[in-house]
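What follows is the content of upload_36.txt (compact mmCIF, C-alpha atoms).
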```txt
# COMPACT_ATOMS: atom_id res chain seq x y z
CA MET A 258 -8.60 15.39 -4.48
CA LYS A 259 -9.90 16.69 -7.79
CA ALA A 260 -13.10 15.83 -9.58
CA ASP A 261 -11.64 15.25 -13.07
CA LYS A 262 -11.63 11.92 -14.84
CA PRO A 263 -8.46 9.93 -14.17
CA PRO A 264 -6.33 8.74 -17.08
CA SER A 265 -6.97 5.17 -18.18
CA LEU A 266 -4.44 2.61 -19.36
CA SER A 267 -5.31 0.33 -22.24
CA ARG A 268 -4.98 -3.33 -21.36
CA SER A 269 -1.64 -4.76 -22.46
CA PRO A 270 -1.70 -8.37 -23.72
CA TRP A 271 0.44 -9.56 -20.79
CA LEU A 272 -2.00 -8.24 -18.21
CA LYS A 273 -4.34 -10.90 -16.96
CA PRO A 274 -7.03 -10.12 -14.39
CA ALA A 275 -6.43 -11.96 -11.13
CA LEU A 276 -9.22 -12.06 -8.58
CA TRP A 277 -7.39 -13.43 -5.56
CA LEU A 278 -9.49 -11.63 -3.00
CA SER A 279 -13.20 -11.97 -2.45
CA ILE A 280 -15.09 -10.45 0.46
CA PRO A 281 -18.79 -11.36 0.46
CA CYS A 282 -21.39 -8.79 1.51
CA LEU A 283 -18.92 -5.92 1.35
CA GLY A 284 -19.87 -2.91 -0.76
CA VAL A 285 -17.97 0.21 -1.68
CA LEU A 286 -20.21 3.21 -1.16
CA ALA A 287 -19.87 6.76 -2.38
CA VAL A 288 -20.12 9.02 0.64
CA LEU A 289 -23.82 9.61 1.15
CA GLY A 290 -24.67 9.55 -2.52
CA VAL A 291 -21.69 11.56 -3.81
CA ALA A 292 -19.61 9.62 -6.32
CA PHE A 293 -17.05 10.37 -8.99
CA SER A 294 -17.51 8.88 -12.44
CA ARG A 295 -15.21 5.85 -12.44
CA GLN A 296 -14.28 3.57 -15.29
CA GLN A 297 -15.39 -0.01 -14.70
CA VAL A 298 -12.27 -2.10 -14.84
CA GLN A 299 -10.94 -5.49 -13.94
CA PRO A 300 -8.93 -6.22 -10.79
CA ALA A 301 -5.29 -5.16 -10.70
CA THR A 302 -2.52 -7.10 -12.39
CA GLN A 303 -1.41 -10.21 -10.62
CA ALA A 304 1.39 -9.72 -8.12
CA PRO A 305 4.10 -12.32 -7.69
CA SER A 306 2.96 -12.97 -4.12
CA PRO A 307 -0.32 -11.23 -3.15
CA SER A 308 -0.98 -10.68 0.52
CA PRO A 309 -4.12 -12.14 2.12
CA VAL A 310 -6.40 -9.45 3.36
CA ALA A 311 -9.75 -8.90 5.01
CA SER A 312 -12.40 -6.26 5.26
CA SER A 313 -14.69 -5.23 8.05
CA VAL A 314 -14.95 -8.78 8.56
CA GLN A 315 -11.92 -11.05 8.58
CA VAL A 316 -8.84 -12.13 6.73
CA LEU A 317 -9.38 -15.72 5.77
CA THR A 318 -6.16 -17.68 5.64
CA PRO A 319 -6.81 -21.21 4.34
CA SER A 320 -4.76 -23.92 5.92
CA PRO A 321 -3.00 -26.50 3.72
CA SER A 322 -5.00 -29.65 3.13
CA ALA A 323 -3.80 -32.75 4.89
CA THR A 324 -2.96 -35.65 2.57
CA PRO A 325 -3.86 -39.02 4.11
CA SER A 326 -1.20 -41.72 3.99
CA LYS A 327 -2.07 -44.68 1.79
CA THR A 328 0.13 -47.14 3.68
CA PRO A 329 -0.07 -47.64 7.44
CA GLN A 330 3.10 -46.41 9.07
CA VAL A 331 4.76 -47.83 12.16
CA ALA A 332 5.32 -45.16 14.74
CA LYS A 333 8.95 -44.73 15.64
CA LYS A 334 10.22 -43.32 18.84
CA PRO A 335 11.81 -39.97 18.05
CA ALA A 336 15.46 -39.61 18.86
CA ALA A 337 16.23 -37.48 21.85
CA LYS A 338 17.24 -33.95 20.90
CA PRO A 339 19.40 -31.69 23.00
CA SER A 340 17.62 -28.71 24.51
CA PRO A 341 18.53 -25.45 22.75
CA LYS A 342 20.58 -23.03 24.79
CA PRO A 343 19.54 -19.38 24.92
CA VAL A 344 21.76 -16.98 22.99
CA ASP A 345 23.83 -14.65 25.12
CA PRO A 346 23.55 -11.19 23.45
CA THR A 347 26.86 -10.12 24.98
CA ALA A 348 28.63 -13.02 23.24
CA LEU A 349 27.65 -11.89 19.73
CA THR A 350 30.32 -10.63 17.40
CA ALA A 351 30.07 -7.16 15.88
CA GLU A 352 28.93 -8.70 12.59
CA GLN A 353 26.24 -10.79 14.34
CA LYS A 354 25.01 -7.74 16.24
CA ALA A 355 24.74 -5.79 12.98
CA LEU A 356 22.76 -8.61 11.36
CA ASN A 357 20.51 -8.78 14.42
CA GLN A 358 19.81 -5.04 14.27
CA LYS A 359 19.10 -5.24 10.56
CA ALA A 360 16.62 -8.08 11.09
CA LYS A 361 14.88 -6.18 13.89
CA ALA A 362 14.63 -3.07 11.72
CA ALA A 363 13.14 -5.09 8.85
CA PHE A 364 10.56 -6.63 11.20
CA GLY A 365 9.70 -3.24 12.66
CA SER A 366 9.22 -1.75 9.20
CA VAL A 367 6.28 -4.10 8.67
CA GLY A 368 5.28 -4.85 12.23
CA SER A 369 2.19 -6.70 13.37
CA SER A 370 -0.33 -4.11 12.13
CA VAL A 371 -3.20 -5.56 10.09
CA ASP A 372 -2.52 -2.76 7.59
CA ALA A 373 0.70 -4.55 6.68
CA LEU A 374 -1.37 -7.41 5.20
CA ILE A 375 -2.92 -5.17 2.54
CA GLU A 376 -0.77 -4.47 -0.51
CA MET A 377 -1.56 -1.31 -2.44
CA HIS A 378 -0.48 -0.84 -6.06
CA VAL A 379 0.10 2.88 -6.52
CA ALA A 380 1.08 4.53 -9.82
CA ILE A 381 4.01 6.83 -9.05
CA ALA A 382 4.92 7.38 -12.72
CA GLU A 383 2.13 7.54 -15.30
CA GLY A 384 2.84 7.53 -19.02
CA GLN A 385 6.31 9.07 -18.78
CA PRO A 386 8.82 9.16 -21.68
CA SER A 387 11.58 8.21 -19.22
CA VAL A 388 12.32 7.90 -15.51
CA THR A 389 15.42 7.77 -13.33
CA VAL A 390 15.71 4.80 -10.99
CA GLY A 391 18.17 3.99 -8.24
CA ALA A 392 18.56 2.16 -4.93
CA PRO A 393 20.87 3.36 -2.12
CA GLY A 394 21.27 -0.21 -0.86
CA GLY A 395 21.38 -1.87 -4.26
CA ALA A 396 18.61 -3.82 -5.98
CA ARG A 397 17.87 -6.69 -8.30
CA LEU A 398 16.18 -6.28 -11.66
CA LEU A 399 13.82 -9.21 -12.33
CA ASP A 400 11.66 -10.27 -15.23
CA ARG A 401 7.92 -10.85 -14.79
CA ASN A 402 8.57 -14.44 -13.65
CA GLY A 403 11.03 -13.41 -10.95
CA LYS A 404 14.19 -14.40 -12.83
CA GLN A 405 17.11 -12.09 -12.08
CA LEU A 406 18.27 -10.06 -15.06
CA HIS A 407 20.78 -7.64 -13.52
CA GLN A 408 22.15 -6.38 -10.22
CA LEU A 409 21.98 -2.63 -9.57
CA THR A 410 24.99 -0.94 -8.01
CA PRO A 411 24.22 0.70 -4.63
CA GLY A 412 23.87 4.46 -4.95
CA SER A 413 23.89 4.50 -8.77
CA ALA A 414 21.16 6.12 -10.89
CA TYR A 415 19.83 4.49 -14.06
CA SER A 416 17.76 6.05 -16.83
CA ALA A 417 14.85 3.93 -18.07
CA GLN A 418 12.79 4.56 -21.21
CA PRO A 419 10.71 2.51 -23.67
CA GLU A 420 12.61 1.02 -26.61
CA GLY A 421 10.32 -0.77 -29.05
CA GLN A 422 8.86 -3.78 -27.25
CA ALA A 423 11.43 -3.48 -24.46
CA ILE A 424 12.86 -1.07 -21.91
CA ARG A 425 16.30 0.52 -22.15
CA PHE A 426 17.50 0.42 -18.53
CA GLY A 427 20.89 2.10 -18.31
CA GLU A 428 23.12 0.17 -20.70
CA TRP A 429 20.85 -2.88 -20.70
CA GLN A 430 17.86 -3.76 -22.82
CA VAL A 431 15.30 -5.57 -20.68
CA PRO A 432 11.74 -6.85 -21.29
CA GLU A 433 8.74 -4.51 -21.35
CA VAL A 434 7.80 -5.64 -17.84
CA VAL A 435 10.40 -5.71 -15.06
CA TRP A 436 10.50 -5.63 -11.26
CA LEU A 437 12.91 -3.72 -9.08
CA GLU A 438 13.40 -5.66 -5.85
CA ILE A 439 15.27 -4.09 -2.95
CA PRO A 440 16.63 -5.66 0.26
CA SER A 441 14.20 -5.82 3.19
CA GLY A 442 14.04 -2.53 5.07
CA SER A 443 15.75 -0.64 2.23
CA LEU A 444 14.48 2.04 -0.19
CA PHE A 445 14.46 2.75 -3.90
CA GLN A 446 14.44 6.05 -5.76
CA LEU A 447 12.24 7.16 -8.62
CA GLY A 448 13.11 10.64 -9.78
CA ASP A 449 13.86 12.78 -6.72
CA ARG A 450 11.76 10.74 -4.27
CA THR A 451 12.44 7.63 -2.21
CA TYR A 452 9.99 4.81 -1.66
CA ARG A 453 9.58 1.58 0.26
CA GLY A 454 8.29 -1.67 -1.21
CA ARG A 455 8.79 -2.84 -4.78
CA LEU A 456 8.68 -1.13 -8.15
CA LEU A 457 6.99 -2.50 -11.26
CA LEU A 458 8.08 -0.88 -14.53
CA VAL A 459 5.93 -1.36 -17.64
CA ALA A 460 6.52 -0.02 -21.13
CA THR A 461 3.38 0.27 -23.23
CA GLU A 462 2.48 2.41 -26.25
CA GLY A 463 5.82 4.20 -26.10
CA LYS A 464 5.33 5.33 -22.49
CA LEU A 465 6.64 4.13 -19.16
CA TRP A 466 4.56 3.37 -16.09
CA GLY A 467 5.94 2.87 -12.59
CA VAL A 468 3.82 1.16 -9.94
CA ASN A 469 4.84 1.00 -6.28
CA TYR A 470 3.75 -2.20 -4.51
CA ILE A 471 3.55 -1.03 -0.90
CA ASN A 472 1.69 -2.30 2.15
CA MET A 473 -1.17 -0.16 3.44
CA ARG A 474 0.64 0.75 6.66
CA GLN A 475 3.66 2.27 4.92
CA TYR A 476 1.45 3.80 2.24
CA LEU A 477 -0.59 5.66 4.88
CA TYR A 478 2.55 6.79 6.70
CA SER A 479 3.24 8.89 3.61
CA VAL A 480 -0.34 9.87 2.74
CA VAL A 481 -1.35 11.22 6.16
CA ALA A 482 1.89 13.19 6.51
CA SER A 483 1.48 14.51 2.94
CA GLU A 484 -2.15 15.55 3.38
CA VAL A 485 -1.98 17.33 6.77
CA SER A 486 0.62 18.79 9.12
CA PRO A 487 2.26 16.36 11.58
CA SER A 488 1.96 19.11 14.20
CA TRP A 489 -1.84 18.84 14.29
CA LYS A 490 -3.79 17.47 17.25
CA MET A 491 -3.63 13.67 17.42
CA GLU A 492 -7.41 13.24 17.10
CA ALA A 493 -7.39 15.21 13.84
CA LEU A 494 -4.50 13.04 12.58
CA LYS A 495 -6.42 9.89 13.50
CA ALA A 496 -9.50 11.14 11.66
CA GLN A 497 -7.33 11.79 8.61
CA ALA A 498 -5.76 8.32 8.88
CA VAL A 499 -9.16 6.58 8.95
CA ALA A 500 -10.52 8.69 6.08
CA ALA A 501 -7.39 8.03 3.99
CA ARG A 502 -7.54 4.29 4.67
CA SER A 503 -11.22 4.12 3.78
CA TYR A 504 -10.62 6.07 0.59
CA ALA A 505 -7.72 3.78 -0.38
CA LEU A 506 -9.79 0.66 0.28
CA THR A 507 -12.41 1.77 -2.25
CA TYR A 508 -9.71 1.65 -4.93
CA TYR A 509 -8.26 -1.56 -3.56
CA PHE A 510 -11.57 -3.28 -4.31
CA LYS A 511 -12.36 -1.23 -7.43
CA PRO A 512 -9.02 -0.31 -9.07
CA VAL A 513 -8.97 2.33 -11.79
CA SER A 514 -6.74 0.24 -14.05
CA PRO A 515 -5.67 -3.37 -14.61
CA LEU A 516 -2.16 -2.13 -13.80
CA PHE A 517 -2.68 -0.26 -10.51
CA HIS A 518 -5.27 0.49 -7.84
CA MET A 519 -4.89 4.28 -7.81
CA GLY A 520 -2.53 7.13 -8.56
CA ALA A 521 -0.34 9.17 -6.22
CA THR A 522 -1.57 12.68 -7.06
CA GLU A 523 -4.09 14.90 -5.30
CA TYR A 524 -6.81 13.66 -7.66
CA TYR A 525 -6.74 10.62 -5.38
CA GLN A 526 -4.77 11.45 -2.24
CA VAL A 527 -1.18 12.62 -2.11
CA TYR A 528 1.43 9.88 -1.78
CA SER A 529 4.96 11.27 -1.80
CA GLY A 530 7.13 8.38 -0.65
CA THR A 531 9.19 8.64 2.53
CA GLN A 532 10.04 12.37 2.50
CA ARG A 533 7.06 13.56 4.53
CA GLU A 534 6.88 10.74 7.06
CA ALA A 535 6.75 11.89 10.68
CA ALA A 536 6.43 10.22 14.08
CA THR A 537 3.03 11.75 14.92
CA THR A 538 1.31 10.88 11.64
CA SER A 539 2.74 7.34 11.75
CA GLU A 540 1.45 7.03 15.31
CA ALA A 541 -2.03 8.05 14.13
CA VAL A 542 -1.93 5.39 11.40
CA ASP A 543 -0.92 2.66 13.86
CA ALA A 544 -3.39 3.80 16.52
CA THR A 545 -6.26 3.34 14.03
CA ALA A 546 -4.85 0.25 12.28
CA GLY A 547 -7.44 -1.39 10.05
CA GLU A 548 -10.18 1.16 10.76
CA PHE A 549 -12.30 2.63 7.96
CA VAL A 550 -15.51 4.62 7.52
CA SER A 551 -18.41 2.21 7.09
CA TYR A 552 -22.10 2.44 6.23
CA ARG A 553 -24.20 -0.70 6.70
CA GLY A 554 -21.18 -2.94 6.33
CA GLY A 555 -19.81 -1.22 3.23
CA ILE A 556 -16.73 0.92 2.76
CA VAL A 557 -17.48 4.61 2.35
CA GLU A 558 -15.54 6.53 -0.29
CA SER A 559 -14.56 9.10 2.31
CA LEU A 560 -13.99 12.23 0.26
CA TYR A 561 -12.16 15.07 1.96
CA ALA A 562 -10.55 18.40 1.14
CA ALA A 563 -8.66 21.18 2.88
CA SER A 564 -11.57 23.44 3.83
CA ASP A 565 -15.35 23.60 4.10
CA ASP A 566 -15.47 25.85 1.03
CA ILE A 567 -13.69 23.28 -1.13
CA VAL A 568 -15.83 20.46 0.24
CA ALA A 569 -18.95 22.48 -0.60
CA GLU A 570 -17.75 23.28 -4.11
CA ALA A 571 -16.24 19.92 -5.08
CA PHE A 572 -18.42 17.48 -3.15
CA GLN A 573 -21.68 19.42 -2.61
CA GLY A 574 -20.77 19.71 1.06
CA LYS A 575 -20.59 15.96 1.61
CA GLY A 576 -17.06 15.21 2.77
CA MET A 577 -14.57 16.00 5.50
CA SER A 578 -12.90 19.38 5.87
CA GLN A 579 -9.35 18.83 7.11
CA LEU A 580 -9.17 22.25 8.72
CA GLY A 581 -12.62 21.68 10.19
CA ALA A 582 -11.43 18.37 11.64
CA LEU A 583 -8.51 20.19 13.26
CA ALA A 584 -10.86 22.76 14.79
CA LEU A 585 -13.05 20.02 16.24
CA ALA A 586 -10.00 18.21 17.63
CA GLU A 587 -8.90 21.44 19.33
CA GLN A 588 -12.36 21.59 20.92
CA GLY A 589 -11.85 18.14 22.40
CA TYR A 590 -13.71 15.98 19.88
CA SER A 591 -12.48 12.40 19.45
CA TYR A 592 -11.57 11.22 15.95
CA LYS A 593 -14.69 9.05 15.79
CA LYS A 594 -16.87 12.03 16.65
CA ILE A 595 -15.09 14.08 14.00
CA LEU A 596 -15.73 11.39 11.39
CA SER A 597 -19.40 10.98 12.33
CA ASN A 598 -19.80 14.77 12.07
CA TYR A 599 -18.57 14.81 8.47
CA TYR A 600 -19.92 11.42 7.38
CA PRO A 601 -23.40 11.29 8.97
CA SER A 602 -25.06 7.92 9.62
CA THR A 603 -21.72 6.11 9.31
CA GLY A 604 -19.57 4.29 11.83
CA VAL A 605 -15.97 3.15 12.12
CA ALA A 606 -15.43 -0.51 11.23
CA ARG A 607 -12.17 -2.42 11.47
CA ILE A 608 -10.34 -5.03 9.43
CA GLU A 609 -9.55 -8.11 11.49
CA GLU A 610 -7.04 -10.84 10.76
CA ASP A 611 -8.27 -14.37 11.32
CA LYS A 612 -5.46 -16.04 13.27
CA ASP A 613 -7.27 -19.32 13.90
```

Encoding of this model in structure tokens:
Amino acid sequence: MKADKPPSLSRSPWLKPALWLSIPCLGVLAVLGVAFSRQQVQPATQAPSPSPVASSVQVLTPSPSATPSKTPQVAKKPAAKPSPKPVDPTALTAEQKALNQKAKAAFGSVGSSVDALIEMHVAIAEGQPSVTVGAPGGARLLDRNGKQLHQLTPGSAYSAQPEGQAIRFGEWQVPEVVWLEIPSGSLFQLGDRTYRGRLLLVATEGKLWGVNYINMRQYLYSVVASEVSPSWKMEALKAQAVAARSYALTYYFKPVSPLFHMGATEYYQVYSGTQREAATTSEAVDATAGEFVSYRGGIVESLYAASDDIVAEAFQGKGMSQLGALALAEQGYSYKKILSNYYPSTGVARIEEDKD
């Protein structure tokens, strides 16, 4: 992470601030007094279907209001229904088995982790003159209201660039704001990298911006594996996962732009899509699901860098050294002890989903 000022994006007329998440008594704290200079901005652009989320506290999921009946109703005896018979897996056809496996894979890609409830908006293309987009499993191109514009051919690559008040996408001219939606469990390509989730493309001021809408779990799968080696001790990987989640949450609540929460470069923390994902780093993310560095109920902006020297130079010594965390893990320290060593007077809090 670098200490320069991030680029800002002027507000486009179509961007409307949408505050669909409010967590009372939850602050975002610079780690022990160390803070970057951040531009004060409005919450990120409204997503078609934002995910409910919670902080150290709880995810509040309102239940639909019951509408009382105006006219008294006479209770009728329900008709008897036959009891459902269990499905015999051995009786499934090859096509049914394939559909079953696909559904299981899609469920497993999100899973029951609380991290899957948090949707990050990450800029993976910032102010580019053009980008190349594709989807191995095909995709739909939608306008900002979700109306389908075109169907992308599986495996094909399309060039996209601004064209006046629109976007030239392959041979099509589409609006200045479009969504790329892929099948569940599939991937899309931007340049030479592959990503999960959805892609928002926006043309503004003659430049193109690409924002990946990705849940926190899958986002961290990439970040942790991109920031440290998957071969490291598990406790060091867990410490990295918690620090990366805490750092991401600070931008979730205080995004740098109306268009996205944060970027994908090392100024923030490296997010490189699916290429770096590994079993050990993903395990560390899931083992610490929802956990973040907290100080008096607030989220700590958990700065970190590769070595103690860089931490000292960039953050006045107040941050986590990744190599130092590895050394402590090799000495038998738990990830919580590692975090408390580098972020004194803090604790590890956890996001909880309210299932009542």

**OP:** List the neighbours of Ser488 in chain A out to 12 Å using all atoms listed in the file; skip same-chain residues closer than 4 positions along the sequence, and give me the result as a VMD selection string.
**Re:** chain A and resid 481 to 482 492 to 494 535 to 538 541 583

Using only C-alpha atoms, determine which residues lie at most 10 Å from Pro440 in chain A, disregarding the query and same-chain residues fewer than 6 positions distant; provide the list as a PDB file with C-alpha atoms, keeping the file's coordinate frame.
```pdb
ATOM      1  CA  ALA A 363      13.140  -5.090   8.850  1.00  0.00           C
ATOM      2  CA  ALA A 392      18.560   2.160  -4.930  1.00  0.00           C
ATOM      3  CA  GLY A 394      21.270  -0.210  -0.860  1.00  0.00           C
ATOM      4  CA  GLY A 395      21.380  -1.870  -4.260  1.00  0.00           C
ATOM      5  CA  ALA A 396      18.610  -3.820  -5.980  1.00  0.00           C
ATOM      6  CA  ARG A 397      17.870  -6.690  -8.300  1.00  0.00           C
ATOM      7  CA  GLY A 454       8.290  -1.670  -1.210  1.00  0.00           C
ATOM      8  CA  ARG A 455       8.790  -2.840  -4.780  1.00  0.00           C
TER       9      ARG A 455
END
```

Would you mind listing, for every residue of range 423-521 of chain A within 12 Å of range 592-596 of chain A, the two atoms forming the shortest contact and the distance between them in Å to one decimal, using only C-alpha atoms, sorted by chain and ascending residue number, as a tab-separated table?
```
residue	atom	partner	partner_atom	distance
A:Lys490	CA	A:Tyr592	CA	10.1
A:Met491	CA	A:Tyr592	CA	8.4
A:Glu492	CA	A:Tyr592	CA	4.8
A:Ala493	CA	A:Tyr592	CA	6.2
A:Leu494	CA	A:Tyr592	CA	8.0
A:Lys495	CA	A:Tyr592	CA	5.9
A:Ala496	CA	A:Tyr592	CA	4.8
A:Gln497	CA	A:Tyr592	CA	8.5
A:Ala498	CA	A:Tyr592	CA	9.6
A:Val499	CA	A:Leu596	CA	8.5
A:Ala500	CA	A:Leu596	CA	7.9
A:Ala501	CA	A:Leu596	CA	11.6
A:Ser503	CA	A:Leu596	CA	11.5
```

Please produce a file of those selected residues containing C-alpha atoms, as an mmCIF file, keeping the file's coordinate frame.
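Output contents, as saved in again-v6.cif:
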```cif
data_model
loop_
_atom_site.group_PDB
_atom_site.id
_atom_site.type_symbol
_atom_site.label_atom_id
_atom_site.label_comp_id
_atom_site.auth_asym_id
_atom_site.auth_seq_id
_atom_site.Cartn_x
_atom_site.Cartn_y
_atom_site.Cartn_z
ATOM 1 C CA LYS A 490 -3.790 17.470 17.250
ATOM 2 C CA MET A 491 -3.630 13.670 17.420
ATOM 3 C CA GLU A 492 -7.410 13.240 17.100
ATOM 4 C CA ALA A 493 -7.390 15.210 13.840
ATOM 5 C CA LEU A 494 -4.500 13.040 12.580
ATOM 6 C CA LYS A 495 -6.420 9.890 13.500
ATOM 7 C CA ALA A 496 -9.500 11.140 11.660
ATOM 8 C CA GLN A 497 -7.330 11.790 8.610
ATOM 9 C CA ALA A 498 -5.760 8.320 8.880
ATOM 10 C CA VAL A 499 -9.160 6.580 8.950
ATOM 11 C CA ALA A 500 -10.520 8.690 6.080
ATOM 12 C CA ALA A 501 -7.390 8.030 3.990
ATOM 13 C CA SER A 503 -11.220 4.120 3.780
#
```

**OP:** Could you check how far CA of Pro512 in chain A sits from CA of Glu484 in chain A, in Å to one decimal?
**Re:** 21.3 Å

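Near (17.7, -6.8, -13.1), the residues inside the 10 Å limit, counting only C-alpha atoms, come to Ala396, Arg397, Leu398, Leu399, Asp400, Gly403, Lys404, Gln405, Leu406, His407, Gln408, Leu409, Phe426, Trp429, Val431, Val435, Trp436, Leu437 and Glu438 of chain A.
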
Subject >> Shell around Glu548 in chain A at 8 Å using only C-alpha atoms, local window under 2 positions removed, as a list in words >> reply: Val499, Arg502, Ser503, Thr545, Ala546, Val550, Val605, Ala606, Arg607 and Ile608 of chain A

**OP:** Return the single residue from A:Ser578, A:Gln353, A:Thr461, A:Thr410 that is closest to Pro386 in chain A, with distances computed using only C-alpha atoms.
**Re:**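 Smallest separation from Pro386 in chain A among the options: A:Thr461.
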
**OP:** May I ask for the distance between CA of Tyr525 in chain A and CA of Tyr552 in chain A, given in Å to one decimal place?
**Re:** 20.9 Å

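Of the residues listed (A:Thr531, A:Asn402, A:Gly463, A:Pro432), A:Thr531 shows the shortest atom-to-atom separation from Asp449 in chain A; distances use all atoms listed in the file.
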
Subject >> Gly391 in chain A environment, 7 Å, only C-alpha atoms, sequence neighbours closer than 6 positions dropped, as a list in words >> reply: Gly412, Ser413, Ala414, Tyr415, Phe445, Gln446 and Leu447 of chain A

Selected residues written out with C-alpha atoms, as a short mmCIF file (atom, residue, chain, number, x, y, z; two decimals), in the coordinates of the input:
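Done, and the output landed in out.cif:
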```cif
data_model
loop_
_atom_site.label_atom_id
_atom_site.label_comp_id
_atom_site.auth_asym_id
_atom_site.auth_seq_id
_atom_site.Cartn_x
_atom_site.Cartn_y
_atom_site.Cartn_z
CA GLY A 412 23.87 4.46 -4.95
CA SER A 413 23.89 4.50 -8.77
CA ALA A 414 21.16 6.12 -10.89
CA TYR A 415 19.83 4.49 -14.06
CA PHE A 445 14.46 2.75 -3.90
CA GLN A 446 14.44 6.05 -5.76
CA LEU A 447 12.24 7.16 -8.62
#
```
